[in-house]
file upload-v7.csv (CSV, C-alpha atoms)
chain,number,residue,atom,x,y,z
M,1,MET,CA,-1.1,-65.5,43.5
M,2,GLU,CA,-0.8,-63.3,40.4
M,3,ARG,CA,-3.8,-61.2,41.6
M,4,ILE,CA,-2.3,-60.7,45.1
M,5,PHE,CA,1.0,-59.6,43.5
M,6,PHE,CA,-0.6,-57.0,41.3
M,7,PHE,CA,-2.8,-55.8,44.2
M,8,LEU,CA,0.3,-55.3,46.4
M,9,LEU,CA,2.1,-53.5,43.5
M,10,THR,CA,-0.9,-51.2,43.1
M,11,VAL,CA,-1.4,-50.5,46.8
M,12,ILE,CA,2.3,-49.6,47.3
M,13,GLY,CA,2.9,-48.1,43.8
M,14,VAL,CA,0.1,-45.5,43.6
M,15,PRO,CA,0.9,-43.7,47.0
M,16,LEU,CA,4.6,-43.8,46.2
M,17,SER,CA,3.9,-42.3,42.7
M,18,VAL,CA,1.8,-39.5,44.1
M,19,ALA,CA,4.3,-38.8,46.9
M,20,GLY,CA,7.2,-38.9,44.4
M,21,SER,CA,5.6,-36.5,41.9
M,22,LEU,CA,4.5,-34.0,44.6
M,23,LEU,CA,7.8,-34.1,46.6
M,24,HIS,CA,10.0,-34.2,43.4
M,25,TRP,CA,11.9,-37.3,44.4
M,26,PRO,CA,14.9,-38.3,42.1
M,27,ALA,CA,13.8,-39.1,38.6
M,28,THR,CA,15.7,-42.4,38.0
M,29,PRO,CA,14.2,-44.4,40.9
M,30,MET,CA,10.8,-42.8,40.3
M,31,PHE,CA,10.9,-43.9,36.6
M,32,VAL,CA,11.0,-47.5,37.8
M,33,VAL,CA,8.2,-46.9,40.4
M,34,TYR,CA,6.0,-45.3,37.7
M,35,CYS,CA,6.6,-48.1,35.2
M,36,VAL,CA,5.8,-50.9,37.7
M,37,THR,CA,2.7,-49.0,39.0
M,38,ILE,CA,1.4,-48.5,35.4
M,39,ILE,CA,1.9,-52.3,34.7
M,40,ALA,CA,-0.1,-53.1,37.9
M,41,LEU,CA,-2.9,-50.7,37.1
M,42,ALA,CA,-3.0,-52.0,33.5
M,43,SER,CA,-3.8,-55.5,34.9
M,44,TYR,CA,-6.8,-54.1,36.7
M,45,MET,CA,-8.0,-52.4,33.5
M,46,GLY,CA,-7.6,-55.6,31.6
M,47,ARG,CA,-9.6,-57.6,34.2
M,48,ALA,CA,-12.4,-55.0,34.3
M,49,THR,CA,-12.6,-54.9,30.5
M,50,GLU,CA,-12.8,-58.7,30.4
M,51,SER,CA,-15.6,-58.7,33.0
M,52,LEU,CA,-17.6,-56.1,31.0
M,53,ALA,CA,-17.0,-58.0,27.8
M,54,ILE,CA,-18.5,-61.1,29.3
M,55,VAL,CA,-21.5,-59.2,30.7
M,56,ALA,CA,-22.1,-57.1,27.5
M,57,GLY,CA,-21.8,-60.0,25.1
M,58,PRO,CA,-19.4,-60.6,22.2
M,59,ARG,CA,-20.2,-57.6,20.0
M,60,ILE,CA,-19.9,-54.9,22.6
M,61,GLY,CA,-17.2,-56.9,24.3
M,62,GLY,CA,-15.1,-56.8,21.2
M,63,LEU,CA,-15.6,-53.1,20.9
M,64,LEU,CA,-14.6,-52.6,24.6
M,65,ASN,CA,-11.5,-54.7,24.1
M,66,ALA,CA,-10.6,-52.6,21.0
M,67,THR,CA,-11.1,-49.4,23.0
M,68,PHE,CA,-9.3,-50.3,26.2
M,69,GLY,CA,-6.7,-52.8,24.8
M,70,ASN,CA,-4.2,-50.0,24.3
M,71,ALA,CA,-5.6,-47.4,26.6
M,72,VAL,CA,-2.4,-47.2,28.7
M,73,GLU,CA,-0.2,-46.6,25.7
M,74,LEU,CA,-2.6,-44.0,24.3
M,75,ILE,CA,-2.6,-42.1,27.7
M,76,ILE,CA,1.2,-42.1,28.0
M,77,SER,CA,1.5,-41.0,24.3
M,78,ILE,CA,-0.9,-38.1,24.8
M,79,PHE,CA,1.2,-36.7,27.7
M,80,ALA,CA,4.3,-37.2,25.7
M,81,LEU,CA,2.8,-35.3,22.8
M,82,LYS,CA,1.8,-32.5,25.3
M,83,ALA,CA,5.4,-32.4,26.4
M,84,GLY,CA,6.5,-32.1,22.7
M,85,LEU,CA,8.2,-35.5,22.7
M,86,VAL,CA,7.0,-36.5,19.2
M,87,GLY,CA,10.0,-38.8,18.7
M,88,VAL,CA,9.2,-40.8,21.8
M,89,VAL,CA,5.6,-41.2,20.6
M,90,LEU,CA,6.5,-42.4,17.1
M,91,ALA,CA,9.1,-44.7,18.6
M,92,SER,CA,6.6,-46.1,21.1
M,93,LEU,CA,4.1,-46.9,18.3
M,94,THR,CA,7.0,-48.6,16.5
M,95,GLY,CA,7.8,-50.5,19.7
M,96,SER,CA,4.2,-51.6,20.1
M,97,VAL,CA,4.0,-53.0,16.5
M,98,LEU,CA,7.4,-54.8,17.0
M,99,GLY,CA,6.5,-55.9,20.5
M,100,ASN,CA,3.2,-57.4,19.6
M,101,LEU,CA,4.2,-59.1,16.3
M,102,LEU,CA,7.6,-60.4,17.4
M,103,LEU,CA,7.9,-60.5,21.2
M,104,VAL,CA,4.3,-61.4,22.2
M,105,ALA,CA,3.5,-63.6,19.2
M,106,GLY,CA,7.0,-65.1,19.5
M,107,LEU,CA,6.7,-65.9,23.2
M,108,SER,CA,3.2,-67.2,22.7
M,109,PHE,CA,4.3,-69.6,19.9
M,110,PHE,CA,7.4,-70.6,21.8
M,111,VAL,CA,5.8,-71.2,25.3
M,112,GLY,CA,2.7,-72.9,23.8
M,113,GLY,CA,5.0,-74.9,21.4
M,114,LEU,CA,7.0,-76.3,24.3
M,115,LYS,CA,3.9,-77.9,25.8
M,116,TYR,CA,2.2,-78.9,22.5
M,117,LYS,CA,4.0,-80.2,19.4
M,118,ARG,CA,1.6,-78.3,17.1
M,119,GLN,CA,-0.9,-75.5,17.7
M,120,SER,CA,-3.6,-74.3,15.3
M,121,PHE,CA,-5.6,-71.1,15.1
M,122,ASN,CA,-8.3,-69.8,12.7
M,123,VAL,CA,-6.7,-69.6,9.3
M,124,TYR,CA,-9.4,-67.3,8.0
M,125,ASP,CA,-8.7,-64.8,10.8
M,126,ALA,CA,-4.9,-65.1,10.0
M,127,ARG,CA,-5.5,-64.2,6.3
M,128,HIS,CA,-7.9,-61.4,7.2
M,129,ASN,CA,-5.4,-59.9,9.6
M,130,SER,CA,-2.6,-60.3,7.1
M,131,GLY,CA,-4.5,-58.1,4.6
M,132,LEU,CA,-5.1,-55.4,7.3
M,133,LEU,CA,-1.4,-55.6,8.5
M,134,THR,CA,-0.3,-55.1,4.9
M,135,PHE,CA,-2.6,-52.1,4.6
M,136,ALA,CA,-1.8,-50.5,8.0
M,137,ILE,CA,2.0,-50.8,7.8
M,138,LEU,CA,3.1,-51.3,4.2
M,139,VAL,CA,0.6,-48.9,2.7
M,140,ALA,CA,-0.4,-46.3,5.4
M,141,PHE,CA,3.0,-45.9,7.0
M,142,VAL,CA,5.2,-46.2,4.0
M,143,ILE,CA,3.2,-43.8,1.7
M,144,PRO,CA,3.7,-40.7,4.0
M,145,GLU,CA,7.4,-41.5,4.3
M,146,VAL,CA,7.9,-41.6,0.5
M,147,PHE,CA,5.6,-38.7,-0.4
M,148,SER,CA,6.9,-36.4,2.4
M,149,MET,CA,10.4,-36.4,0.8
M,150,THR,CA,9.2,-33.8,-1.7
M,151,MET,CA,6.8,-32.0,0.6
M,152,ASN,CA,7.1,-29.2,3.1
M,153,GLU,CA,6.1,-29.6,6.8
M,154,GLN,CA,2.5,-28.3,6.3
M,155,LYS,CA,1.7,-30.6,3.3
M,156,THR,CA,3.2,-33.6,5.2
M,157,LEU,CA,0.9,-32.9,8.1
M,158,SER,CA,-2.1,-32.5,5.8
M,159,LEU,CA,-1.2,-35.9,4.2
M,160,SER,CA,-0.9,-37.5,7.7
M,161,VAL,CA,-4.3,-36.1,8.8
M,162,GLY,CA,-6.0,-37.4,5.6
M,163,ILE,CA,-4.4,-40.9,6.0
M,164,SER,CA,-5.4,-40.9,9.7
M,165,VAL,CA,-9.1,-40.2,9.0
M,166,ILE,CA,-9.1,-43.0,6.3
M,167,MET,CA,-7.4,-45.5,8.7
M,168,ILE,CA,-9.8,-44.8,11.6
M,169,ALA,CA,-12.8,-45.2,9.2
M,170,LEU,CA,-11.4,-48.5,7.8
M,171,TYR,CA,-10.6,-49.8,11.4
M,172,LEU,CA,-14.2,-49.1,12.4
M,173,ALA,CA,-15.4,-50.8,9.2
M,174,ALA,CA,-13.1,-53.8,10.1
M,175,LEU,CA,-14.7,-54.0,13.6
M,176,TYR,CA,-18.2,-53.8,12.0
M,177,PHE,CA,-17.2,-56.6,9.5
M,178,LYS,CA,-15.9,-58.9,12.2
M,179,LEU,CA,-18.5,-58.2,15.0
M,180,VAL,CA,-21.7,-57.7,12.9
M,181,THR,CA,-22.0,-58.5,9.2
M,182,HIS,CA,-19.6,-61.5,9.2
M,183,ARG,CA,-19.7,-62.5,12.8
M,184,GLY,CA,-19.5,-66.3,12.9
M,185,VAL,CA,-19.2,-66.7,9.1
M,186,TYR,CA,-15.6,-67.9,9.3
M,187,GLN,CA,-16.0,-69.4,12.8
M,188,HIS,CA,-14.5,-72.9,13.6
M,189,LYS,CA,-15.9,-75.2,16.2
M,190,GLU,CA,-13.0,-74.6,18.4
M,191,ASP,CA,-13.6,-70.8,18.3
M,192,VAL,CA,-16.8,-71.2,20.3
M,193,GLU,CA,-15.9,-70.7,24.0
M,194,GLU,CA,-17.6,-72.2,26.9
M,195,HIS,CA,-19.8,-69.9,29.0
M,196,GLU,CA,-17.7,-67.8,31.3
M,197,GLU,CA,-18.7,-66.1,34.5
M,198,PRO,CA,-17.4,-62.5,34.9
M,199,GLU,CA,-15.0,-61.8,37.7
M,200,TRP,CA,-16.8,-58.6,38.7
M,201,SER,CA,-20.3,-57.3,38.3
M,202,LYS,CA,-21.0,-54.6,35.7
M,203,GLY,CA,-21.1,-51.8,38.2
M,204,LYS,CA,-17.9,-52.9,40.0
M,205,ALA,CA,-16.0,-53.4,36.7
M,206,MET,CA,-17.0,-49.9,35.4
M,207,LEU,CA,-15.9,-48.3,38.7
M,208,ILE,CA,-12.5,-50.2,38.7
M,209,LEU,CA,-12.0,-49.3,35.1
M,210,ALA,CA,-12.7,-45.6,35.7
M,211,LEU,CA,-10.4,-45.4,38.8
M,212,ALA,CA,-7.6,-47.4,37.1
M,213,THR,CA,-7.8,-45.1,34.0
M,214,VAL,CA,-7.6,-41.9,36.1
M,215,ALA,CA,-4.7,-43.4,38.1
M,216,VAL,CA,-2.8,-44.4,34.9
M,217,ALA,CA,-3.3,-40.9,33.5
M,218,TYR,CA,-1.9,-39.3,36.6
M,219,VAL,CA,1.1,-41.7,36.8
M,220,SER,CA,1.7,-41.4,33.0
M,221,GLU,CA,2.1,-37.7,33.2
M,222,SER,CA,4.7,-38.1,35.9
M,223,LEU,CA,6.5,-40.8,33.9
M,224,VAL,CA,6.9,-38.6,30.8
M,225,HIS,CA,8.7,-36.0,32.9
M,226,THR,CA,11.4,-38.5,33.9
M,227,PHE,CA,12.3,-39.5,30.3
M,228,GLU,CA,14.9,-36.8,29.7
M,229,VAL,CA,16.8,-37.5,33.0
M,230,VAL,CA,16.7,-41.3,32.6
M,231,ALA,CA,17.9,-41.1,29.0
M,232,HIS,CA,20.8,-39.0,30.1
M,233,SER,CA,21.6,-41.2,33.1
M,234,PHE,CA,21.7,-44.5,31.2
M,235,GLY,CA,22.9,-43.2,27.9
M,236,TRP,CA,19.7,-44.2,26.2
M,237,SER,CA,18.3,-42.5,23.1
M,238,GLU,CA,14.8,-41.1,22.8
M,239,LEU,CA,14.3,-43.8,20.2
M,240,PHE,CA,15.3,-46.7,22.5
M,241,ILE,CA,13.0,-45.4,25.4
M,242,GLY,CA,10.1,-45.3,23.0
M,243,VAL,CA,10.7,-48.5,21.1
M,244,ILE,CA,11.5,-50.7,24.0
M,245,ILE,CA,10.6,-49.2,27.4
M,246,VAL,CA,7.3,-47.3,26.8
M,247,ALA,CA,6.0,-50.0,24.4
M,248,ILE,CA,6.6,-52.8,26.9
M,249,VAL,CA,5.2,-50.8,29.9
M,250,GLY,CA,2.1,-49.8,27.9
M,251,ASN,CA,1.3,-53.3,26.8
M,252,ALA,CA,2.7,-55.5,29.7
M,253,ALA,CA,-0.7,-56.8,31.0
M,254,GLU,CA,-1.8,-57.7,27.5
M,255,HIS,CA,1.5,-59.4,26.7
M,256,ALA,CA,1.1,-61.7,29.8
M,257,SER,CA,-2.5,-62.6,28.8
M,258,ALA,CA,-1.4,-63.8,25.3
M,259,ILE,CA,1.3,-66.0,26.7
M,260,ILE,CA,-1.0,-67.5,29.3
M,261,MET,CA,-3.6,-68.2,26.6
M,262,ALA,CA,-1.0,-69.9,24.4
M,263,TYR,CA,0.0,-72.1,27.3
M,264,LYS,CA,-3.6,-73.2,27.7
M,265,ASN,CA,-3.7,-74.0,24.0
M,266,LYS,CA,-6.2,-71.1,23.3
M,267,MET,CA,-4.2,-70.0,20.3
M,268,ASN,CA,-7.1,-68.1,18.6
M,269,VAL,CA,-7.2,-65.8,21.6
M,270,ALA,CA,-3.4,-65.5,21.9
M,271,VAL,CA,-3.1,-64.6,18.2
M,272,GLU,CA,-6.0,-62.2,18.4
M,273,ILE,CA,-4.3,-60.4,21.3
M,274,ALA,CA,-1.0,-60.1,19.5
M,275,ILE,CA,-2.1,-59.3,16.0
M,276,GLY,CA,-5.4,-57.6,17.0
M,277,SER,CA,-3.5,-55.2,19.3
M,278,THR,CA,-1.0,-54.4,16.5
M,279,LEU,CA,-3.9,-53.4,14.2
M,280,GLN,CA,-5.4,-51.3,17.0
M,281,ILE,CA,-2.1,-49.4,17.4
M,282,ALA,CA,-1.5,-48.9,13.6
M,283,MET,CA,-5.1,-48.2,12.5
M,284,PHE,CA,-6.6,-46.5,15.5
M,285,VAL,CA,-4.1,-45.3,18.2
M,286,ALA,CA,-1.5,-43.8,15.7
M,287,PRO,CA,-4.1,-41.9,13.6
M,288,VAL,CA,-5.9,-40.7,16.8
M,289,LEU,CA,-2.6,-39.4,18.1
M,290,VAL,CA,-2.0,-37.5,14.9
M,291,LEU,CA,-5.4,-35.8,15.2
M,292,ILE,CA,-4.9,-35.1,18.9
M,293,SER,CA,-1.5,-33.5,18.2
M,294,LEU,CA,-3.3,-30.8,16.3
M,295,LEU,CA,-4.4,-29.4,19.7
M,296,PHE,CA,-0.8,-29.0,20.9
M,297,PRO,CA,1.9,-26.6,19.8
M,298,THR,CA,4.1,-29.5,18.5
M,299,LYS,CA,2.2,-31.4,15.7
M,300,MET,CA,2.9,-35.0,14.9
M,301,ALA,CA,3.1,-36.2,11.2
M,302,LEU,CA,2.8,-39.9,10.5
M,303,VAL,CA,6.4,-40.0,9.3
M,304,PHE,CA,8.7,-42.5,11.0
M,305,THR,CA,12.5,-42.7,10.8
M,306,LEU,CA,14.0,-45.1,8.3
M,307,PRO,CA,15.1,-47.7,10.9
M,308,GLU,CA,11.6,-47.7,12.5
M,309,LEU,CA,9.9,-48.1,9.2
M,310,VAL,CA,12.2,-50.9,7.9
M,311,ALA,CA,11.8,-52.7,11.3
M,312,MET,CA,8.0,-52.6,11.2
M,313,VAL,CA,7.8,-53.7,7.5
M,314,THR,CA,10.2,-56.6,8.2
M,315,ALA,CA,8.2,-57.6,11.3
M,316,VAL,CA,4.9,-57.6,9.3
M,317,LEU,CA,6.3,-59.7,6.4
M,318,LEU,CA,7.9,-62.2,8.8
M,319,THR,CA,4.6,-62.5,10.8
M,320,ILE,CA,2.5,-63.0,7.7
M,321,VAL,CA,4.8,-65.7,6.3
M,322,LEU,CA,4.8,-67.6,9.6
M,323,SER,CA,1.1,-67.2,10.6
M,324,ASN,CA,-0.8,-67.5,7.2
M,325,ASP,CA,-1.0,-71.3,7.5
M,326,GLY,CA,-2.9,-71.1,10.8
M,327,ASP,CA,-0.4,-73.5,12.3
M,328,THR,CA,2.5,-72.9,14.7
M,329,ASN,CA,5.3,-74.5,16.8
M,330,TRP,CA,8.1,-73.5,19.2
M,331,PHE,CA,10.6,-73.0,16.4
M,332,GLU,CA,8.5,-70.4,14.7
M,333,GLY,CA,8.2,-68.6,18.1
M,334,ALA,CA,12.0,-68.7,18.4
M,335,THR,CA,12.4,-67.2,14.9
M,336,LEU,CA,10.1,-64.2,15.9
M,337,LEU,CA,12.0,-63.7,19.2
M,338,GLY,CA,15.3,-63.8,17.3
M,339,ALA,CA,14.1,-61.0,15.0
M,340,TYR,CA,13.0,-58.9,18.0
M,341,MET,CA,16.4,-59.3,19.7
M,342,ILE,CA,18.2,-58.3,16.5
M,343,MET,CA,16.1,-55.1,16.2
M,344,GLY,CA,16.4,-54.4,20.0
M,345,ILE,CA,20.2,-54.4,19.8
M,346,GLY,CA,20.0,-52.2,16.7
M,347,PHE,CA,17.8,-49.6,18.4
M,348,TYR,CA,19.9,-49.7,21.5
M,349,LEU,CA,23.1,-48.9,19.6
M,350,LEU,CA,21.5,-46.1,17.4
call {"tool": "encode", "arguments": {"input": "upload-v7.csv", "output": "structure tokens"}}
result
Amino acid sequence: MERIFFFLLTVIGVPLSVAGSLLHWPATPMFVVYCVTIIALASYMGRATESLAIVAGPRIGGLLNATFGNAVELIISIFALKAGLVGVVLASLTGSVLGNLLLVAGLSFFVGGLKYKRQSFNVYDARHNSGLLTFAILVAFVIPEVFSMTMNEQKTLSLSVGISVIMIALYLAALYFKLVTHRGVYQHKEDVEEHEEPEWSKGKAMLILALATVAVAYVSESLVHTFEVVAHSFGWSELFIGVIIVAIVGNAAEHASAIIMAYKNKMNVAVEIAIGSTLQIAMFVAPVLVLISLLFPTKMALVFTLPELVAMVTAVLLTIVLSNDGDTNWFEGATLLGAYMIMGIGFYLL
């Protein structure tokens, strides 16, 4: 049923998106069409990546998931950077961190907790991820904010580039640690999954992934051009569009996967999607965007607004406190969702 739904959305959405961008249809209805189309295409990218991961084995599979997990958001952000919308890009990165840690993890814990009294996941992974989250948000995002107070624009950009290179290097080292040198060292019996059959063959999965990525790139460019009109029509700020709208659209397929996994009591996978995706955004996507921005007239320094920074730091601390014991329930999920709602109201009213 779900697959038929996304198939229909794609078949209707892509031609409408192309027609709308070529014929310059009104921005507000097209904004909705573009968002829905991207969500549908993202589901195909997710399924293709999953098939390739099963065919290629766990090591390359992990790398593929890391590369394509946030591909949609990366593509939207690149076009937003090209259009000079640095504020939207930084806000969407903030939204992804908050969305993954509070909304996705919160819904996963809540939905899974309604079915099972208690759910467990790998406590070693939880502690490993806590250290990386602390580094990525509390160190690498807070440092540029503090140091840039006494720096000019050029020095701030140089600091951001230096931090970005270090973060990408550490992220690749973290992947190598998890997938090669320490693969299986901290594995629990329940982590070993049964043998899965891929949905599509290697060739078909690669073709679908390539086509979906090209389509997402085309639709994303059109979506970015509607931001200004939509913001004016609804009275939304650039910050709200980035933090809530772009972040949810860019990660919708991934969000759904985590909740489904939690409902099936596969909490290791659900937590890996929520927290692993946050680490991808903070340690790989954000630094890559800083480096890519050097190619455009408007450069992006890794300096967030104070509300964005405080919201991300709070989300990380709350997630670490609730997840470090490797155990969860519906009330912990409700706590995370409550935090997300409070922040959402705050960003809407800014």
call {"tool": "residues_near_point", "arguments": {"input": "upload-v7.csv", "point": "(-3.6, -63.4, 25.2)", "cutoff": "7 Å", "atoms": "all atoms listed in the file", "output": "list in words"}}
result
Glu254, His255, Ala256, Ser257, Ala258, Ile259, Ile260, Met261, Val269, Ala270 and Ile273 of chain M
call {"tool": "closest_residue", "arguments": {"input": "upload-v7.csv", "among": "M:Met149, M:Ile78, M:Ala91, M:Ala282", "to": "Ser237 (chain M)", "atoms": "all atoms listed in the file"}}
result
M:Ala91
call {"tool": "residues_around", "arguments": {"input": "upload-v7.csv", "residues": "Ser277 (chain M)", "least_positions_apart": "6", "cutoff": "12 Å", "atoms": "all atoms listed in the file", "output": "ChimeraX atom specification"}}
result
/M:62,65-71,73,93,96-101,104-105,129,133,171,247,250-251,254-255,258,269-271,283-285
call {"tool": "write_last_selection", "arguments": {"input": "upload-v7.csv", "atoms": "C-alpha atoms", "output": "CSV table (one decimal), in the frame of the given file"}}
result
chain,number,residue,atom,x,y,z
M,62,GLY,CA,-15.1,-56.8,21.2
M,65,ASN,CA,-11.5,-54.7,24.1
M,66,ALA,CA,-10.6,-52.6,21.0
M,67,THR,CA,-11.1,-49.4,23.0
M,68,PHE,CA,-9.3,-50.3,26.2
M,69,GLY,CA,-6.7,-52.8,24.8
M,70,ASN,CA,-4.2,-50.0,24.3
M,71,ALA,CA,-5.6,-47.4,26.6
M,73,GLU,CA,-0.2,-46.6,25.7
M,93,LEU,CA,4.1,-46.9,18.3
M,96,SER,CA,4.2,-51.6,20.1
M,97,VAL,CA,4.0,-53.0,16.5
M,98,LEU,CA,7.4,-54.8,17.0
M,99,GLY,CA,6.5,-55.9,20.5
M,100,ASN,CA,3.2,-57.4,19.6
M,101,LEU,CA,4.2,-59.1,16.3
M,104,VAL,CA,4.3,-61.4,22.2
M,105,ALA,CA,3.5,-63.6,19.2
M,129,ASN,CA,-5.4,-59.9,9.6
M,133,LEU,CA,-1.4,-55.6,8.5
M,171,TYR,CA,-10.6,-49.8,11.4
M,247,ALA,CA,6.0,-50.0,24.4
M,250,GLY,CA,2.1,-49.8,27.9
M,251,ASN,CA,1.3,-53.3,26.8
M,254,GLU,CA,-1.8,-57.7,27.5
M,255,HIS,CA,1.5,-59.4,26.7
M,258,ALA,CA,-1.4,-63.8,25.3
M,269,VAL,CA,-7.2,-65.8,21.6
M,270,ALA,CA,-3.4,-65.5,21.9
M,271,VAL,CA,-3.1,-64.6,18.2
M,283,MET,CA,-5.1,-48.2,12.5
M,284,PHE,CA,-6.6,-46.5,15.5
M,285,VAL,CA,-4.1,-45.3,18.2
call {"tool": "closest_residue", "arguments": {"input": "upload-v7.csv", "among": "M:Val243, M:Val249, M:Val321, M:Val14", "to": "Leu350 (chain M)", "atoms": "only C-alpha atoms"}}
result
M:Val243
call {"tool": "residues_around", "arguments": {"input": "upload-v7.csv", "residues": "region 200-208 of chain M", "least_positions_apart": "5", "cutoff": "8 Å", "atoms": "all atoms listed in the file", "output": "NGL selection string"}}
result
:M and (44-45 or 48-49 or 51-52 or 55)
call {"tool": "atom_distance", "arguments": {"input": "upload-v7.csv", "atom1": "CA of Gly338 (chain M)", "atom2": "CA of Leu107 (chain M)"}}
result
10.6 Å
call {"tool": "residues_around", "arguments": {"input": "upload-v7.csv", "residues": "Trp330 (chain M)", "least_positions_apart": "3", "cutoff": "10 Å", "atoms": "only C-alpha atoms", "output": "ChimeraX atom specification"}}
result
/M:106-119,333-335
call {"tool": "atom_distance", "arguments": {"input": "upload-v7.csv", "atom1": "CA of Phe331 (chain M)", "atom2": "CA of Gly242 (chain M)"}}
result
28.5 Å
call {"tool": "residues_around", "arguments": {"input": "upload-v7.csv", "residues": "region 34-42 of chain M", "least_positions_apart": "5", "cutoff": "7 Å", "atoms": "all atoms listed in the file", "output": "list of chain:residue names"}}
result
M:Phe6, M:Leu9, M:Thr10, M:Gly13, M:Val14, M:Ser17, M:Val72, M:Ala212, M:Val216, M:Val219, M:Leu223, M:Val249, M:Ala252, M:Ala253
call {"tool": "atom_distance", "arguments": {"input": "upload-v7.csv", "atom1": "CA of Glu153 (chain M)", "atom2": "CA of Leu294 (chain M)"}}
result
13.4 Å
call {"tool": "build_atoms", "arguments": {"input": "upload-v7.csv", "residues": "region 274-279 of chain M", "atoms": "all heavy atoms", "output": "PDB file, in the coordinates of the input"}}
result
ATOM      1  N   ALA M 274      -2.204 -60.612  20.089  1.00  0.00           N
ATOM      2  CA  ALA M 274      -1.000 -60.100  19.500  1.00  0.00           C
ATOM      3  C   ALA M 274      -1.201 -59.333  18.201  1.00  0.00           C
ATOM      4  O   ALA M 274      -0.744 -58.193  18.068  1.00  0.00           O
ATOM      5  CB  ALA M 274      -0.027 -61.302  19.195  1.00  0.00           C
ATOM      6  N   ILE M 275      -1.945 -59.916  17.266  1.00  0.00           N
ATOM      7  CA  ILE M 275      -2.100 -59.300  16.000  1.00  0.00           C
ATOM      8  C   ILE M 275      -3.255 -58.208  16.046  1.00  0.00           C
ATOM      9  O   ILE M 275      -3.136 -57.123  15.482  1.00  0.00           O
ATOM     10  CB  ILE M 275      -2.408 -60.297  14.858  1.00  0.00           C
ATOM     11  CG1 ILE M 275      -1.152 -61.169  14.702  1.00  0.00           C
ATOM     12  CG2 ILE M 275      -2.761 -59.614  13.541  1.00  0.00           C
ATOM     13  CD1 ILE M 275      -1.210 -62.220  13.640  1.00  0.00           C
ATOM     14  N   GLY M 276      -4.332 -58.528  16.797  1.00  0.00           N
ATOM     15  CA  GLY M 276      -5.400 -57.600  17.000  1.00  0.00           C
ATOM     16  C   GLY M 276      -4.928 -56.273  17.613  1.00  0.00           C
ATOM     17  O   GLY M 276      -5.318 -55.163  17.235  1.00  0.00           O
ATOM     18  N   SER M 277      -4.034 -56.411  18.597  1.00  0.00           N
ATOM     19  CA  SER M 277      -3.500 -55.200  19.300  1.00  0.00           C
ATOM     20  C   SER M 277      -2.602 -54.416  18.341  1.00  0.00           C
ATOM     21  O   SER M 277      -2.597 -53.185  18.385  1.00  0.00           O
ATOM     22  CB  SER M 277      -2.666 -55.693  20.496  1.00  0.00           C
ATOM     23  OG  SER M 277      -2.261 -54.583  21.243  1.00  0.00           O
ATOM     24  N   THR M 278      -1.864 -55.098  17.465  1.00  0.00           N
ATOM     25  CA  THR M 278      -1.000 -54.400  16.500  1.00  0.00           C
ATOM     26  C   THR M 278      -1.902 -53.559  15.550  1.00  0.00           C
ATOM     27  O   THR M 278      -1.585 -52.406  15.241  1.00  0.00           O
ATOM     28  CB  THR M 278      -0.238 -55.412  15.622  1.00  0.00           C
ATOM     29  OG1 THR M 278       0.468 -56.285  16.494  1.00  0.00           O
ATOM     30  CG2 THR M 278       0.744 -54.720  14.705  1.00  0.00           C
ATOM     31  N   LEU M 279      -3.020 -54.150  15.118  1.00  0.00           N
ATOM     32  CA  LEU M 279      -3.900 -53.400  14.200  1.00  0.00           C
ATOM     33  C   LEU M 279      -4.565 -52.228  14.936  1.00  0.00           C
ATOM     34  O   LEU M 279      -4.756 -51.167  14.333  1.00  0.00           O
ATOM     35  CB  LEU M 279      -5.027 -54.376  13.710  1.00  0.00           C
ATOM     36  CG  LEU M 279      -4.533 -55.468  12.746  1.00  0.00           C
ATOM     37  CD1 LEU M 279      -5.630 -56.475  12.460  1.00  0.00           C
ATOM     38  CD2 LEU M 279      -4.015 -54.847  11.448  1.00  0.00           C
TER      39      LEU M 279
END
